[in-house]
Amino acid sequence: MSAIVELSIFPLNKTGESLSPYVARVLAVIEASGLPYRLNPMGTCVEGHWDQVLAVVSDCMKELQKDSERVYLTFKADWKRGDAPRMGSKVASVEEKLGGGQ
């Protein structure tokens with residue numbers, strides 16, 4: 001795994017307070033990819049090789065474009081040479097320095 005991306009994606013043209021049905025659709029796309037991911041309150045992190053994670057982001061966009069007039073997407077990426085999984089170890093490293101986590 002060489003990339004971790006964090007994305008937040010949702011339609012802008014939907015009414016109502018909750019966008020959770022759309023977030024659930026995006027998570028189904030991410031889960032179907034088979035890549036490791038973590039949902040957080042403000043987005044979702046996905047880990048894999050660069051081309052894989054970009055394909056997943058594109059698939060998420062396509063999913064919401066099916067019935068949306070406008071889709072908002074924020075995207076951050078951290079690329080590192082090598083294949084070692086890093087998503088869990090990055091958090092664990094900080095928690096260790098804090099004295100064991102929260």
# chains A, B, ... in the order shown; residues from 1 in each chain; ligands from 1
>>> residues_around(residues="range 65-69 of chain A", least_positions_apart="2", cutoff="7 Å", atoms="only C-alpha atoms", output="PDB file with all heavy atoms, in the first residue's frame")
ATOM      1  N   PRO A  11     -23.843  14.971  -2.302  1.00  0.00           N
ATOM      2  CA  PRO A  11     -24.572  15.798  -3.265  1.00  0.00           C
ATOM      3  C   PRO A  11     -24.969  17.122  -2.620  1.00  0.00           C
ATOM      4  O   PRO A  11     -25.215  17.184  -1.414  1.00  0.00           O
ATOM      5  CB  PRO A  11     -25.800  14.960  -3.607  1.00  0.00           C
ATOM      6  CG  PRO A  11     -26.015  14.097  -2.414  1.00  0.00           C
ATOM      7  CD  PRO A  11     -24.658  13.850  -1.820  1.00  0.00           C
ATOM      8  N   ASN A  13     -27.526  19.047  -4.074  1.00  0.00           N
ATOM      9  CA  ASN A  13     -28.880  19.393  -4.507  1.00  0.00           C
ATOM     10  C   ASN A  13     -29.975  18.575  -3.819  1.00  0.00           C
ATOM     11  O   ASN A  13     -31.082  18.493  -4.323  1.00  0.00           O
ATOM     12  CB  ASN A  13     -29.006  19.236  -6.027  1.00  0.00           C
ATOM     13  CG  ASN A  13     -28.837  17.800  -6.478  1.00  0.00           C
ATOM     14  OD1 ASN A  13     -27.906  17.122  -6.055  1.00  0.00           O
ATOM     15  ND2 ASN A  13     -29.727  17.323  -7.325  1.00  0.00           N
ATOM     16  N   MET A  61     -17.578   9.100  -7.122  1.00  0.00           N
ATOM     17  CA  MET A  61     -18.161  10.230  -7.851  1.00  0.00           C
ATOM     18  C   MET A  61     -19.226   9.741  -8.831  1.00  0.00           C
ATOM     19  O   MET A  61     -20.335  10.289  -8.892  1.00  0.00           O
ATOM     20  CB  MET A  61     -17.063  10.992  -8.589  1.00  0.00           C
ATOM     21  CG  MET A  61     -17.567  12.155  -9.413  1.00  0.00           C
ATOM     22  SD  MET A  61     -18.367  13.469  -8.464  1.00  0.00           S
ATOM     23  CE  MET A  61     -16.921  14.334  -7.855  1.00  0.00           C
ATOM     24  N   LYS A  62     -18.917   8.694  -9.563  1.00  0.00           N
ATOM     25  CA  LYS A  62     -19.882   8.149 -10.527  1.00  0.00           C
ATOM     26  C   LYS A  62     -21.159   7.674  -9.836  1.00  0.00           C
ATOM     27  O   LYS A  62     -22.258   7.828 -10.375  1.00  0.00           O
ATOM     28  CB  LYS A  62     -19.253   7.004 -11.314  1.00  0.00           C
ATOM     29  CG  LYS A  62     -18.192   7.469 -12.287  1.00  0.00           C
ATOM     30  CD  LYS A  62     -17.490   6.288 -12.930  1.00  0.00           C
ATOM     31  CE  LYS A  62     -16.312   6.765 -13.770  1.00  0.00           C
ATOM     32  NZ  LYS A  62     -15.501   5.631 -14.232  1.00  0.00           N
ATOM     33  N   GLU A  63     -21.011   7.095  -8.646  1.00  0.00           N
ATOM     34  CA  GLU A  63     -22.184   6.621  -7.905  1.00  0.00           C
ATOM     35  C   GLU A  63     -23.129   7.775  -7.587  1.00  0.00           C
ATOM     36  O   GLU A  63     -24.346   7.669  -7.768  1.00  0.00           O
ATOM     37  CB  GLU A  63     -21.755   5.913  -6.620  1.00  0.00           C
ATOM     38  CG  GLU A  63     -22.894   5.498  -5.710  1.00  0.00           C
ATOM     39  CD  GLU A  63     -23.883   4.528  -6.343  1.00  0.00           C
ATOM     40  OE1 GLU A  63     -23.499   3.730  -7.221  1.00  0.00           O
ATOM     41  OE2 GLU A  63     -25.072   4.578  -5.968  1.00  0.00           O
ATOM     42  N   VAL A  71     -22.214  17.550  -7.132  1.00  0.00           N
ATOM     43  CA  VAL A  71     -21.549  16.740  -6.107  1.00  0.00           C
ATOM     44  C   VAL A  71     -20.331  17.505  -5.603  1.00  0.00           C
ATOM     45  O   VAL A  71     -19.548  18.031  -6.389  1.00  0.00           O
ATOM     46  CB  VAL A  71     -21.109  15.365  -6.669  1.00  0.00           C
ATOM     47  CG1 VAL A  71     -20.347  14.563  -5.626  1.00  0.00           C
ATOM     48  CG2 VAL A  71     -22.315  14.585  -7.173  1.00  0.00           C
TER      49      VAL A  71
END
>>> closest_residue(among="A:Ala92, A:Ala55, A:Leu64, A:Met87", to="Phe10 in chain A", atoms="only C-alpha atoms")
A:Leu64
>>> residues_around(residues="Tyr22 in chain A", least_positions_apart="2", cutoff="9 Å", atoms="only C-alpha atoms", output="ChimeraX atom specification")
/A:9-11,18-20,24-27,64
>>> write_last_selection(atoms="C-alpha atoms", output="mmCIF file, in the first residue's frame")
data_model
loop_
_atom_site.group_PDB
_atom_site.id
_atom_site.type_symbol
_atom_site.label_atom_id
_atom_site.label_comp_id
_atom_site.auth_asym_id
_atom_site.auth_seq_id
_atom_site.Cartn_x
_atom_site.Cartn_y
_atom_site.Cartn_z
ATOM 1 C CA ILE A 9 -18.203 13.499 -0.900
ATOM 2 C CA PHE A 10 -21.896 14.341 -0.967
ATOM 3 C CA PRO A 11 -24.572 15.798 -3.265
ATOM 4 C CA SER A 18 -29.159 14.098 6.679
ATOM 5 C CA LEU A 19 -26.915 13.076 3.831
ATOM 6 C CA SER A 20 -26.226 9.692 5.438
ATOM 7 C CA ALA A 24 -23.771 4.911 2.825
ATOM 8 C CA ARG A 25 -23.882 4.511 -0.955
ATOM 9 C CA VAL A 26 -20.326 5.815 -1.239
ATOM 10 C CA LEU A 27 -19.161 3.484 1.545
ATOM 11 C CA LEU A 64 -23.464 10.011 -6.764
#
>>> closest_residue(among="A:Cys60, A:Leu54, A:Leu73, A:Ile4", to="Gly88 in chain A", atoms="only C-alpha atoms")
A:Ile4
>>> atom_distance(atom1="CA of Val5 in chain A", atom2="CA of Gly99 in chain A")
26.8 Å
>>> select_by_dssp(residues="chain A", states="helix (DSSP H, G or I)", output="ChimeraX atom specification")
/A:20-33,50-65,87-98
>>> select_by_dssp(residues="chain A", states="strand (DSSP E or B)", output="list in words")
Ala3, Ile4, Val5, Glu6, Leu7, Ser8, Ile9, Phe10, Pro11, Tyr37, Arg38, Leu39, Asn40, Gly43, Thr44, Cys45, Val46, Glu47, Gly48, Val71, Tyr72, Leu73, Thr74, Phe75, Lys76, Ala77, Asp78 and Trp79 of chain A
>>> closest_residue(among="A:Glu47, A:Glu6, A:Glu31, A:Glu17", to="Pro85 in chain A", atoms="only C-alpha atoms")
A:Glu47
>>> closest_residue(among="A:Val56, A:Leu7, A:Leu12, A:Ala28", to="Met42 in chain A", atoms="only C-alpha atoms")
A:Leu7
>>> closest_residue(among="A:Leu39, A:Ile30, A:Cys45, A:Ser8", to="Arg86 in chain A", atoms="only C-alpha atoms")
A:Cys45
>>> closest_residue(among="A:Lys97, A:Val46, A:Lys14, A:Val91", to="Phe75 in chain A", atoms="only C-alpha atoms")
A:Val46
